[in-house]
file entry-v3.txt (compact mmCIF, C-alpha atoms)
# COMPACT_ATOMS: atom_id res chain seq x y z
CA MET A 1 -3.88 19.36 -21.19
CA ASN A 2 -2.43 15.85 -21.04
CA GLU A 3 0.80 16.98 -19.42
CA ASN A 4 -1.11 19.14 -17.01
CA LEU A 5 -3.47 16.36 -15.99
CA PHE A 6 -0.83 13.88 -14.87
CA ALA A 7 1.65 16.39 -13.47
CA PRO A 8 0.50 15.88 -9.83
CA PHE A 9 1.54 12.23 -10.06
CA ILE A 10 5.19 12.87 -10.89
CA THR A 11 7.48 12.38 -7.89
CA PRO A 12 8.70 15.80 -6.81
CA THR A 13 12.43 16.38 -7.02
CA ILE A 14 14.60 19.11 -5.57
CA MET A 15 17.47 19.78 -7.96
CA GLY A 16 17.39 16.23 -9.27
CA ILE A 17 17.25 14.54 -5.88
CA THR A 18 13.99 12.77 -5.21
CA THR A 19 12.09 13.97 -2.15
CA LEU A 20 10.04 10.79 -1.86
CA PRO A 21 11.61 9.51 1.42
CA ILE A 22 10.79 12.79 3.16
CA ILE A 23 7.22 12.72 1.86
CA MET A 24 6.72 9.14 3.00
CA ILE A 25 8.07 9.80 6.48
CA PHE A 26 6.02 12.98 6.89
CA PRO A 27 2.83 11.33 8.34
CA CYS A 28 4.94 10.12 11.28
CA ILE A 29 5.16 13.73 12.44
CA ILE A 30 1.42 13.98 12.95
CA LEU A 31 1.27 10.68 14.85
CA SER A 32 3.11 11.28 18.10
CA THR A 33 3.93 8.86 20.89
CA PRO A 34 3.24 10.04 24.41
CA LYS A 35 6.06 10.19 26.91
CA ARG A 36 3.77 10.70 29.91
CA TRP A 37 1.15 8.50 31.49
CA LEU A 38 -1.64 11.00 30.77
CA PRO A 39 -0.91 12.45 27.34
CA ASN A 40 -2.44 15.53 25.86
CA ARG A 41 -5.75 15.62 24.03
CA ILE A 42 -4.64 14.85 20.53
CA GLN A 43 -2.43 11.98 21.60
CA THR A 44 -5.28 10.52 23.65
CA LEU A 45 -7.54 10.76 20.64
CA GLN A 46 -5.02 9.08 18.34
CA ILE A 47 -4.30 6.31 20.81
CA TRP A 48 -8.00 5.68 21.36
CA LEU A 49 -8.53 5.50 17.58
CA ILE A 50 -5.62 3.11 17.09
CA ARG A 51 -6.84 0.87 19.91
CA GLN A 52 -10.35 0.73 18.44
CA ILE A 53 -9.01 -0.23 15.03
CA THR A 54 -6.66 -2.80 16.56
CA LYS A 55 -9.43 -4.44 18.55
CA GLN A 56 -11.76 -4.60 15.58
CA MET A 57 -9.21 -5.86 13.13
CA LEU A 58 -7.45 -8.44 15.25
CA SER A 59 -10.52 -9.99 16.81
CA MET A 60 -10.65 -12.72 14.19
CA HIS A 61 -7.06 -13.90 14.48
CA ASN A 62 -5.49 -16.56 16.65
CA THR A 63 -2.35 -16.01 18.72
CA ARG A 64 0.03 -16.48 15.82
CA GLY A 65 -1.94 -14.09 13.64
CA ARG A 66 -1.95 -11.47 16.38
CA THR A 67 1.85 -11.24 16.26
CA TRP A 68 1.24 -9.29 13.07
CA ALA A 69 -0.67 -6.56 14.94
CA LEU A 70 2.17 -4.06 14.68
CA MET A 71 2.55 -4.59 10.94
CA LEU A 72 -1.17 -4.37 10.19
CA MET A 73 -1.70 -1.27 12.30
CA SER A 74 1.30 0.49 10.77
CA LEU A 75 -0.06 -0.42 7.35
CA ILE A 76 -3.53 0.97 7.87
CA LEU A 77 -2.24 4.13 9.56
CA PHE A 78 0.30 4.78 6.82
CA ILE A 79 -2.15 4.27 3.96
CA ALA A 80 -4.95 6.25 5.63
CA SER A 81 -2.71 9.17 6.56
CA THR A 82 -1.00 9.40 3.15
CA ASN A 83 -4.34 9.16 1.34
CA LEU A 84 -5.94 11.84 3.50
CA LEU A 85 -2.95 14.17 3.26
CA GLY A 86 -3.03 13.74 -0.51
CA LEU A 87 -6.43 15.40 -0.67
CA LEU A 88 -4.91 18.75 0.26
CA PRO A 89 -4.15 20.98 -2.73
CA TYR A 90 -0.68 20.80 -4.24
CA SER A 91 0.25 17.73 -2.21
CA PHE A 92 1.77 14.52 -3.47
CA THR A 93 0.32 11.13 -2.57
CA PRO A 94 2.86 8.30 -2.52
CA THR A 95 0.09 5.71 -2.80
CA THR A 96 -0.67 6.83 -6.35
CA GLN A 97 2.61 5.26 -7.44
CA LEU A 98 2.06 1.66 -8.48
CA ALA A 99 5.65 0.83 -7.55
CA MET A 100 5.04 1.68 -3.92
CA ASN A 101 1.80 -0.26 -3.68
CA ILE A 102 3.35 -3.34 -5.27
CA GLY A 103 6.23 -2.89 -2.84
CA MET A 104 3.71 -3.07 0.00
CA ALA A 105 1.52 -5.83 -1.43
CA ILE A 106 4.02 -8.43 -2.65
CA PRO A 107 6.08 -8.91 0.54
CA LEU A 108 3.01 -9.03 2.79
CA TRP A 109 1.06 -11.42 0.57
CA LEU A 110 4.09 -13.63 -0.03
CA ALA A 111 4.73 -13.67 3.71
CA THR A 112 1.22 -14.96 4.39
CA VAL A 113 1.56 -17.66 1.72
CA ILE A 114 4.97 -18.79 2.97
CA MET A 115 3.66 -18.77 6.54
CA GLY A 116 0.77 -20.97 5.50
CA PHE A 117 2.98 -23.47 3.69
CA ARG A 118 5.47 -23.54 6.50
CA ASN A 119 3.12 -24.06 9.42
CA LYS A 120 0.09 -25.85 7.97
CA PRO A 121 1.09 -27.22 4.55
CA LYS A 122 -1.89 -29.57 4.14
CA VAL A 123 -4.47 -26.90 4.98
CA SER A 124 -2.73 -24.39 2.68
CA LEU A 125 -2.82 -26.82 -0.21
CA ALA A 126 -6.42 -27.67 0.60
CA HIS A 127 -7.37 -24.04 0.00
CA PHE A 128 -6.94 -24.67 -3.70
CA LEU A 129 -10.01 -26.87 -3.75
CA PRO A 130 -13.23 -25.58 -2.19
CA GLN A 131 -15.44 -28.07 -0.41
CA GLY A 132 -18.15 -29.86 -2.31
CA THR A 133 -16.94 -29.41 -5.88
CA PRO A 134 -18.14 -32.07 -8.31
CA THR A 135 -15.37 -34.43 -9.43
CA PRO A 136 -15.16 -33.52 -13.17
CA LEU A 137 -14.59 -29.87 -12.29
CA ILE A 138 -11.61 -30.48 -9.98
CA PRO A 139 -8.64 -29.96 -12.43
CA MET A 140 -10.09 -26.76 -13.85
CA LEU A 141 -10.92 -25.42 -10.41
CA ILE A 142 -7.40 -26.01 -9.14
CA ILE A 143 -6.02 -24.04 -12.07
CA ILE A 144 -8.50 -21.25 -11.40
CA GLU A 145 -7.68 -21.16 -7.69
CA THR A 146 -3.93 -21.01 -8.46
CA ILE A 147 -4.44 -18.11 -10.82
CA SER A 148 -6.61 -16.33 -8.26
CA LEU A 149 -3.90 -16.83 -5.65
CA PHE A 150 -1.22 -15.27 -7.81
CA ILE A 151 -3.44 -12.39 -8.76
CA GLN A 152 -3.98 -11.41 -5.09
CA PRO A 153 -0.90 -9.14 -4.70
CA LEU A 154 -1.45 -7.46 -8.06
CA ALA A 155 -5.09 -6.87 -7.22
CA LEU A 156 -4.18 -5.40 -3.83
CA ALA A 157 -1.69 -2.98 -5.37
CA VAL A 158 -3.67 -2.00 -8.45
CA ARG A 159 -6.89 -1.54 -6.46
CA LEU A 160 -5.27 1.02 -4.19
CA THR A 161 -3.41 2.80 -6.98
CA ALA A 162 -6.37 2.99 -9.33
CA ASN A 163 -8.86 4.18 -6.71
CA ILE A 164 -6.67 6.97 -5.38
CA THR A 165 -5.39 8.06 -8.80
CA ALA A 166 -8.88 8.05 -10.31
CA GLY A 167 -10.24 10.09 -7.42
CA HIS A 168 -7.52 12.71 -7.73
CA LEU A 169 -7.98 12.90 -11.49
CA LEU A 170 -11.75 13.35 -11.13
CA ILE A 171 -11.30 16.15 -8.63
CA HIS A 172 -8.83 17.84 -10.98
CA LEU A 173 -11.12 17.51 -14.00
CA ILE A 174 -14.34 18.58 -12.30
CA GLY A 175 -12.55 21.44 -10.57
CA SER A 176 -11.17 22.78 -13.81
CA ALA A 177 -14.59 22.29 -15.44
CA THR A 178 -16.19 24.38 -12.66
CA LEU A 179 -13.64 27.11 -13.17
CA ALA A 180 -14.03 27.11 -16.94
CA LEU A 181 -17.84 27.15 -16.71
CA SER A 182 -17.94 30.02 -14.22
CA SER A 183 -17.34 32.56 -16.98
CA ILE A 184 -19.89 30.95 -19.31
CA SER A 185 -22.92 30.05 -17.19
CA MET A 186 -23.16 30.57 -13.44
CA THR A 187 -25.92 28.00 -12.79
CA VAL A 188 -24.09 25.16 -14.52
CA SER A 189 -20.98 26.19 -12.64
CA THR A 190 -22.86 25.99 -9.34
CA ILE A 191 -24.14 22.53 -10.23
CA THR A 192 -20.62 21.45 -11.09
CA PHE A 193 -19.39 22.94 -7.84
CA THR A 194 -21.95 20.89 -5.92
CA ILE A 195 -20.71 17.80 -7.76
CA LEU A 196 -17.18 18.75 -6.75
CA PHE A 197 -18.23 19.12 -3.12
CA LEU A 198 -19.90 15.72 -3.09
CA LEU A 199 -16.93 14.21 -4.86
CA THR A 200 -14.56 15.56 -2.24
CA ILE A 201 -16.63 13.95 0.50
CA LEU A 202 -16.51 10.72 -1.49
CA GLU A 203 -12.76 11.01 -1.81
CA LEU A 204 -12.39 11.44 1.92
CA ALA A 205 -14.36 8.27 2.41
CA VAL A 206 -12.46 6.43 -0.32
CA ALA A 207 -9.14 7.42 1.20
CA MET A 208 -10.02 5.78 4.47
CA ILE A 209 -11.91 2.87 2.98
CA GLN A 210 -9.04 1.89 0.70
CA ALA A 211 -6.69 1.79 3.64
CA TYR A 212 -9.14 -0.39 5.48
CA VAL A 213 -9.68 -2.70 2.53
CA PHE A 214 -5.97 -3.18 1.93
CA THR A 215 -5.29 -4.02 5.55
CA LEU A 216 -8.38 -6.17 5.84
CA LEU A 217 -7.42 -8.26 2.88
CA VAL A 218 -3.89 -8.74 4.13
CA SER A 219 -5.28 -9.79 7.48
CA LEU A 220 -7.67 -12.14 5.72
CA TYR A 221 -4.84 -13.79 3.85
CA LEU A 222 -3.04 -13.99 7.17
CA HIS A 223 -6.03 -15.61 8.83
CA ASP A 224 -6.23 -18.22 6.14
CA ASN A 225 -2.61 -19.08 6.58
CA SER A 226 -1.79 -18.63 10.26
CA MET B 1 24.20 7.17 18.78
CA LEU B 2 24.38 3.52 17.85
CA GLN B 3 23.80 2.60 21.49
CA ASN B 4 20.67 4.74 21.54
CA PHE B 5 19.49 3.06 18.38
CA MET B 6 20.11 -0.39 19.83
CA LYS B 7 18.36 0.47 23.10
CA ASN B 8 15.33 2.20 21.63
CA VAL B 9 14.73 0.33 18.40
CA TRP B 10 16.51 -3.00 18.19
CA THR B 11 15.94 -4.36 21.71
CA PRO B 12 12.17 -3.94 21.79
CA LEU B 13 11.73 -5.04 18.17
CA LYS B 14 14.24 -7.92 18.12
CA PRO B 15 11.66 -10.75 18.40
CA TYR B 16 9.69 -9.22 15.55
CA TYR B 17 12.62 -8.78 13.21
CA THR B 18 14.11 -12.20 13.98
CA GLN B 19 11.07 -14.45 14.33
CA VAL B 20 7.74 -12.95 13.35
CA TYR B 21 8.76 -11.17 10.15
CA GLN B 22 10.97 -13.91 8.72
CA GLU B 23 8.60 -14.50 5.85
CA ILE B 24 8.32 -10.77 5.19
CA TRP B 25 12.10 -10.59 4.72
CA ILE B 26 11.85 -13.43 2.23
CA GLY B 27 9.02 -11.56 0.48
CA MET B 28 11.14 -8.41 0.38
CA GLY B 29 13.98 -10.40 -1.15
CA VAL B 30 11.70 -11.78 -3.86
CA MET B 31 10.36 -8.30 -4.52
CA GLY B 32 13.89 -6.89 -4.75
CA TYR B 33 14.73 -9.60 -7.25
CA ILE B 34 11.66 -8.73 -9.35
CA VAL B 35 12.57 -5.01 -9.23
CA TYR B 36 16.15 -5.84 -10.28
CA LYS B 37 14.89 -7.95 -13.18
CA ILE B 38 12.50 -5.25 -14.38
CA ARG B 39 15.15 -2.54 -14.11
CA SER B 40 17.78 -4.56 -15.98
CA ALA B 41 15.29 -5.47 -18.71
CA ASP B 42 14.40 -1.80 -19.05
CA LYS B 43 18.08 -0.86 -19.32
CA LYS B 44 18.69 -3.55 -21.93
CA SER B 45 15.74 -2.48 -24.03
CA LYS B 46 16.79 1.18 -23.80
CA ALA B 47 20.38 0.28 -24.80
CA LEU B 48 19.03 -1.78 -27.69
CA LYS B 49 16.81 1.08 -28.79
CA GLY B 50 19.77 3.49 -28.59
CA SER B 51 22.06 1.29 -30.68
CA ASP B 52 19.23 0.67 -33.17
CA SER B 53 18.73 4.37 -33.76
CA ALA B 54 22.51 4.96 -33.91
CA ALA B 55 23.32 2.10 -36.35
CA PRO B 56 21.17 3.21 -39.33
CA ALA B 57 22.54 6.74 -38.93
CA HIS B 58 26.05 5.32 -39.30
CA ARG B 59 25.08 3.30 -42.37
CA HIS B 60 24.07 6.27 -44.47
CA HIS B 61 27.56 7.62 -45.29

call {"tool": "encode", "arguments": {"input": "entry-v3.txt", "output": "structure tokens"}}
result
Amino acid sequence: MNENLFAPFITPTIMGITTLPIIMIFPCIILSTPKRWLPNRIQTLQIWLIRQITKQMLSMHNTRGRTWALMLMSLILFIASTNLLGLLPYSFTPTTQLAMNIGMAIPLWLATVIMGFRNKPKVSLAHFLPQGTPTPLIPMLIIIETISLFIQPLALAVRLTANITAGHLLIHLIGSATLALSSISMTVSTITFTILFLLTILELAVAMIQAYVFTLLVSLYLHDNS
Amino acid sequence: MLQNFMKNVWTPLKPYYTQVYQEIWIGMGVMGYIVYKIRSADKKSKALKGSDSAAPAHRHH
């Protein structure tokens, strides 16, 4: 049962060669760039969606922060598309691998910190001490703020990994419970099936929300430091 | 093929790669260093575990 439960999270290999690069590039196929002035329906829909997200997400940044628009939009589209595609049966979700999420979180977070120290060093250092703290608390608060700064990339990565992995595991467990109960008691199986249905809707929402949260936090760190 | 790559990818994205994403390259370098450290530590601990399990086997003649 244990082996079976975590088998969907093993990177698929073909004859020993990992297929992870192909899986990660796959969402690019569904997002197409138009070559004409008036593209077809699906391209218009995608472009409209991307523009809406861009406008909403970049409204709070200044000019320097808006140079990151390409990076932030690629990030949210990649995470949302891989999470949503992972909800299909027998598919592999790259964002369940902690290595990949740390690989996304650490460079982006570190880039915002370095940008802050490079362009506005006094303001970046001032972030370690919130306004209006009483004097005796200052040393402890600086230590706490430093720790909270260094936890940011780990929290970003682990949040995404844990949410997506937990959702997939729950779907697997409740689905197998529904199947096992169907031969024992039909009513309980129907109740479990309803739970599964609601859970799948939740997972759809979580997939998109996690993408949004990841990108929003990166853009927040960027806003602090740009 | 390289000319196509330069025309389609590098020329439009050159200001990003050279100016905007400088800190991201530094972040990627730090992350690569962390990955290298973790991998080498893993290799060392696996080699140590292998020699540990091999040495007692050799001792019992």

call {"tool": "atom_distance", "arguments": {"input": "entry-v3.txt", "atom1": "atom CA of B:Thr18", "atom2": "atom CA of A:Ala157"}}
result
26.6 Å

call {"tool": "residues_around", "arguments": {"input": "entry-v3.txt", "residues": "A:Leu154", "least_positions_apart": "6", "cutoff": "8 Å", "atoms": "all atoms listed in the file", "output": "PyMOL selection string"}}
result
chain A and resi 102+105-106

call {"tool": "closest_residue", "arguments": {"input": "entry-v3.txt", "among": "B:Ala47, B:Gly27, B:Val20, B:Tyr33", "to": "A:Met104", "atoms": "all atoms listed in the file"}}
result
B:Gly27

call {"tool": "atom_distance", "arguments": {"input": "entry-v3.txt", "atom1": "atom CA of A:Asn62", "atom2": "atom CA of A:Val213"}}
result
20.2 Å

call {"tool": "residues_around", "arguments": {"input": "entry-v3.txt", "residues": "A:Thr215", "least_positions_apart": "6", "cutoff": "7 Å", "atoms": "all atoms listed in the file", "output": "PyMOL selection string"}}
result
chain A and resi 72+75-76

call {"tool": "closest_atom_pairs", "arguments": {"input": "entry-v3.txt", "of": "chain A", "to": "chain B", "cutoff": "12 Å", "atoms": "all atoms listed in the file", "output": "JSON lines"}}
result
{"residue": "A:Thr63", "atom": "CA", "partner": "B:Val20", "partner_atom": "CA", "distance": 11.8}
{"residue": "A:Arg64", "atom": "CA", "partner": "B:Val20", "partner_atom": "CA", "distance": 8.8}
{"residue": "A:Gly65", "atom": "CA", "partner": "B:Val20", "partner_atom": "CA", "distance": 9.8}
{"residue": "A:Arg66", "atom": "CA", "partner": "B:Val20", "partner_atom": "CA", "distance": 10.3}
{"residue": "A:Thr67", "atom": "CA", "partner": "B:Val20", "partner_atom": "CA", "distance": 6.8}
{"residue": "A:Trp68", "atom": "CA", "partner": "B:Val20", "partner_atom": "CA", "distance": 7.5}
{"residue": "A:Ala69", "atom": "CA", "partner": "B:Val20", "partner_atom": "CA", "distance": 10.7}
{"residue": "A:Leu70", "atom": "CA", "partner": "B:Tyr16", "partner_atom": "CA", "distance": 9.2}
{"residue": "A:Met71", "atom": "CA", "partner": "B:Tyr21", "partner_atom": "CA", "distance": 9.1}
{"residue": "A:Ala99", "atom": "CA", "partner": "B:Val35", "partner_atom": "CA", "distance": 9.2}
{"residue": "A:Met100", "atom": "CA", "partner": "B:Met31", "partner_atom": "CA", "distance": 11.3}
{"residue": "A:Asn101", "atom": "CA", "partner": "B:Met31", "partner_atom": "CA", "distance": 11.8}
{"residue": "A:Ile102", "atom": "CA", "partner": "B:Met31", "partner_atom": "CA", "distance": 8.6}
{"residue": "A:Gly103", "atom": "CA", "partner": "B:Met31", "partner_atom": "CA", "distance": 7.0}
{"residue": "A:Met104", "atom": "CA", "partner": "B:Met28", "partner_atom": "CA", "distance": 9.2}
{"residue": "A:Ala105", "atom": "CA", "partner": "B:Gly27", "partner_atom": "CA", "distance": 9.6}
{"residue": "A:Ile106", "atom": "CA", "partner": "B:Met31", "partner_atom": "CA", "distance": 6.6}
{"residue": "A:Pro107", "atom": "CA", "partner": "B:Gly27", "partner_atom": "CA", "distance": 4.0}
{"residue": "A:Leu108", "atom": "CA", "partner": "B:Ile24", "partner_atom": "CA", "distance": 6.1}
{"residue": "A:Trp109", "atom": "CA", "partner": "B:Gly27", "partner_atom": "CA", "distance": 8.0}
{"residue": "A:Leu110", "atom": "CA", "partner": "B:Gly27", "partner_atom": "CA", "distance": 5.4}
{"residue": "A:Ala111", "atom": "CA", "partner": "B:Glu23", "partner_atom": "CA", "distance": 4.5}
{"residue": "A:Thr112", "atom": "CA", "partner": "B:Glu23", "partner_atom": "CA", "distance": 7.5}
{"residue": "A:Val113", "atom": "CA", "partner": "B:Glu23", "partner_atom": "CA", "distance": 8.8}
{"residue": "A:Ile114", "atom": "CA", "partner": "B:Glu23", "partner_atom": "CA", "distance": 6.3}
{"residue": "A:Met115", "atom": "CA", "partner": "B:Glu23", "partner_atom": "CA", "distance": 6.6}
{"residue": "A:Gly116", "atom": "CA", "partner": "B:Glu23", "partner_atom": "CA", "distance": 10.2}
{"residue": "A:Phe117", "atom": "CA", "partner": "B:Glu23", "partner_atom": "CA", "distance": 10.8}
{"residue": "A:Arg118", "atom": "CA", "partner": "B:Glu23", "partner_atom": "CA", "distance": 9.6}
{"residue": "A:Asn119", "atom": "CA", "partner": "B:Glu23", "partner_atom": "CA", "distance": 11.6}
{"residue": "A:Pro153", "atom": "CA", "partner": "B:Met31", "partner_atom": "CA", "distance": 11.3}
{"residue": "A:Leu222", "atom": "CA", "partner": "B:Glu23", "partner_atom": "CA", "distance": 11.7}
{"residue": "A:Ser226", "atom": "CA", "partner": "B:Val20", "partner_atom": "CA", "distance": 11.5}

call {"tool": "write_last_selection", "arguments": {"input": "entry-v3.txt", "atoms": "C-alpha atoms", "output": "JSON list (two decimals), in the frame of the given file"}}
result
[["chain", "number", "residue", "atom", "x", "y", "z"],
["A", 63, "THR", "CA", -2.35, -16.01, 18.72],
["A", 64, "ARG", "CA", 0.03, -16.48, 15.82],
["A", 65, "GLY", "CA", -1.94, -14.09, 13.64],
["A", 66, "ARG", "CA", -1.95, -11.47, 16.38],
["A", 67, "THR", "CA", 1.85, -11.24, 16.26],
["A", 68, "TRP", "CA", 1.24, -9.29, 13.07],
["A", 69, "ALA", "CA", -0.67, -6.56, 14.94],
["A", 70, "LEU", "CA", 2.17, -4.06, 14.68],
["A", 71, "MET", "CA", 2.55, -4.59, 10.94],
["A", 99, "ALA", "CA", 5.65, 0.83, -7.55],
["A", 100, "MET", "CA", 5.04, 1.68, -3.92],
["A", 101, "ASN", "CA", 1.80, -0.26, -3.68],
["A", 102, "ILE", "CA", 3.35, -3.34, -5.27],
["A", 103, "GLY", "CA", 6.23, -2.89, -2.84],
["A", 104, "MET", "CA", 3.71, -3.07, 0.00],
["A", 105, "ALA", "CA", 1.52, -5.83, -1.43],
["A", 106, "ILE", "CA", 4.02, -8.43, -2.65],
["A", 107, "PRO", "CA", 6.08, -8.91, 0.54],
["A", 108, "LEU", "CA", 3.01, -9.03, 2.79],
["A", 109, "TRP", "CA", 1.06, -11.42, 0.57],
["A", 110, "LEU", "CA", 4.09, -13.63, -0.03],
["A", 111, "ALA", "CA", 4.73, -13.67, 3.71],
["A", 112, "THR", "CA", 1.22, -14.96, 4.39],
["A", 113, "VAL", "CA", 1.56, -17.66, 1.72],
["A", 114, "ILE", "CA", 4.97, -18.79, 2.97],
["A", 115, "MET", "CA", 3.66, -18.77, 6.54],
["A", 116, "GLY", "CA", 0.77, -20.97, 5.50],
["A", 117, "PHE", "CA", 2.98, -23.47, 3.69],
["A", 118, "ARG", "CA", 5.47, -23.54, 6.50],
["A", 119, "ASN", "CA", 3.12, -24.06, 9.42],
["A", 153, "PRO", "CA", -0.90, -9.14, -4.70],
["A", 222, "LEU", "CA", -3.04, -13.99, 7.17],
["A", 226, "SER", "CA", -1.79, -18.63, 10.26]]

call {"tool": "atom_distance", "arguments": {"input": "entry-v3.txt", "atom1": "atom CA of A:Arg159", "atom2": "atom CA of A:Ala211"}}
result
10.6 Å

call {"tool": "residues_around", "arguments": {"input": "entry-v3.txt", "residues": "A:Phe193", "least_positions_apart": "2", "cutoff": "10 Å", "atoms": "all atoms listed in the file", "output": "list in words"}}
result
Ile174, Gly175, Ala177, Thr178, Leu179, Leu181, Ser182, Thr187, Val188, Ser189, Thr190, Ile191, Ile195, Leu196, Phe197, Leu198 and Leu199 of chain A

call {"tool": "closest_residue", "arguments": {"input": "entry-v3.txt", "among": "A:Ala7, A:Leu149, A:Leu98, A:Ala80", "to": "A:His127", "atoms": "only C-alpha atoms"}}
result
A:Leu149

call {"tool": "decode", "arguments": {"input": "entry-v3.txt", "residues": "stretch 24-44 of chain B", "atoms": "C-alpha atoms", "output": "PDB file, in the first residue's frame"}}
result
ATOM      1  CA  ILE B  24      18.569  35.911 -10.876  1.00  0.00           C
ATOM      2  CA  TRP B  25      21.788  34.566 -12.416  1.00  0.00           C
ATOM      3  CA  ILE B  26      23.529  35.136  -9.114  1.00  0.00           C
ATOM      4  CA  GLY B  27      20.649  33.339  -7.359  1.00  0.00           C
ATOM      5  CA  MET B  28      20.951  30.444  -9.808  1.00  0.00           C
ATOM      6  CA  GLY B  29      24.669  30.258  -9.088  1.00  0.00           C
ATOM      7  CA  VAL B  30      24.043  30.101  -5.342  1.00  0.00           C
ATOM      8  CA  MET B  31      21.397  27.450  -5.871  1.00  0.00           C
ATOM      9  CA  GLY B  32      23.749  25.421  -8.069  1.00  0.00           C
ATOM     10  CA  TYR B  33      26.356  25.616  -5.334  1.00  0.00           C
ATOM     11  CA  ILE B  34      23.836  24.392  -2.737  1.00  0.00           C
ATOM     12  CA  VAL B  35      22.789  21.516  -5.038  1.00  0.00           C
ATOM     13  CA  TYR B  36      26.461  20.593  -5.579  1.00  0.00           C
ATOM     14  CA  LYS B  37      27.100  20.610  -1.829  1.00  0.00           C
ATOM     15  CA  ILE B  38      24.066  18.443  -1.093  1.00  0.00           C
ATOM     16  CA  ARG B  39      24.934  15.981  -3.853  1.00  0.00           C
ATOM     17  CA  SER B  40      28.565  15.638  -2.773  1.00  0.00           C
ATOM     18  CA  ALA B  41      27.542  15.180   0.864  1.00  0.00           C
ATOM     19  CA  ASP B  42      25.110  12.490  -0.216  1.00  0.00           C
ATOM     20  CA  LYS B  43      27.828  10.741  -2.227  1.00  0.00           C
ATOM     21  CA  LYS B  44      30.254  10.915   0.688  1.00  0.00           C
TER      22      LYS B  44
END
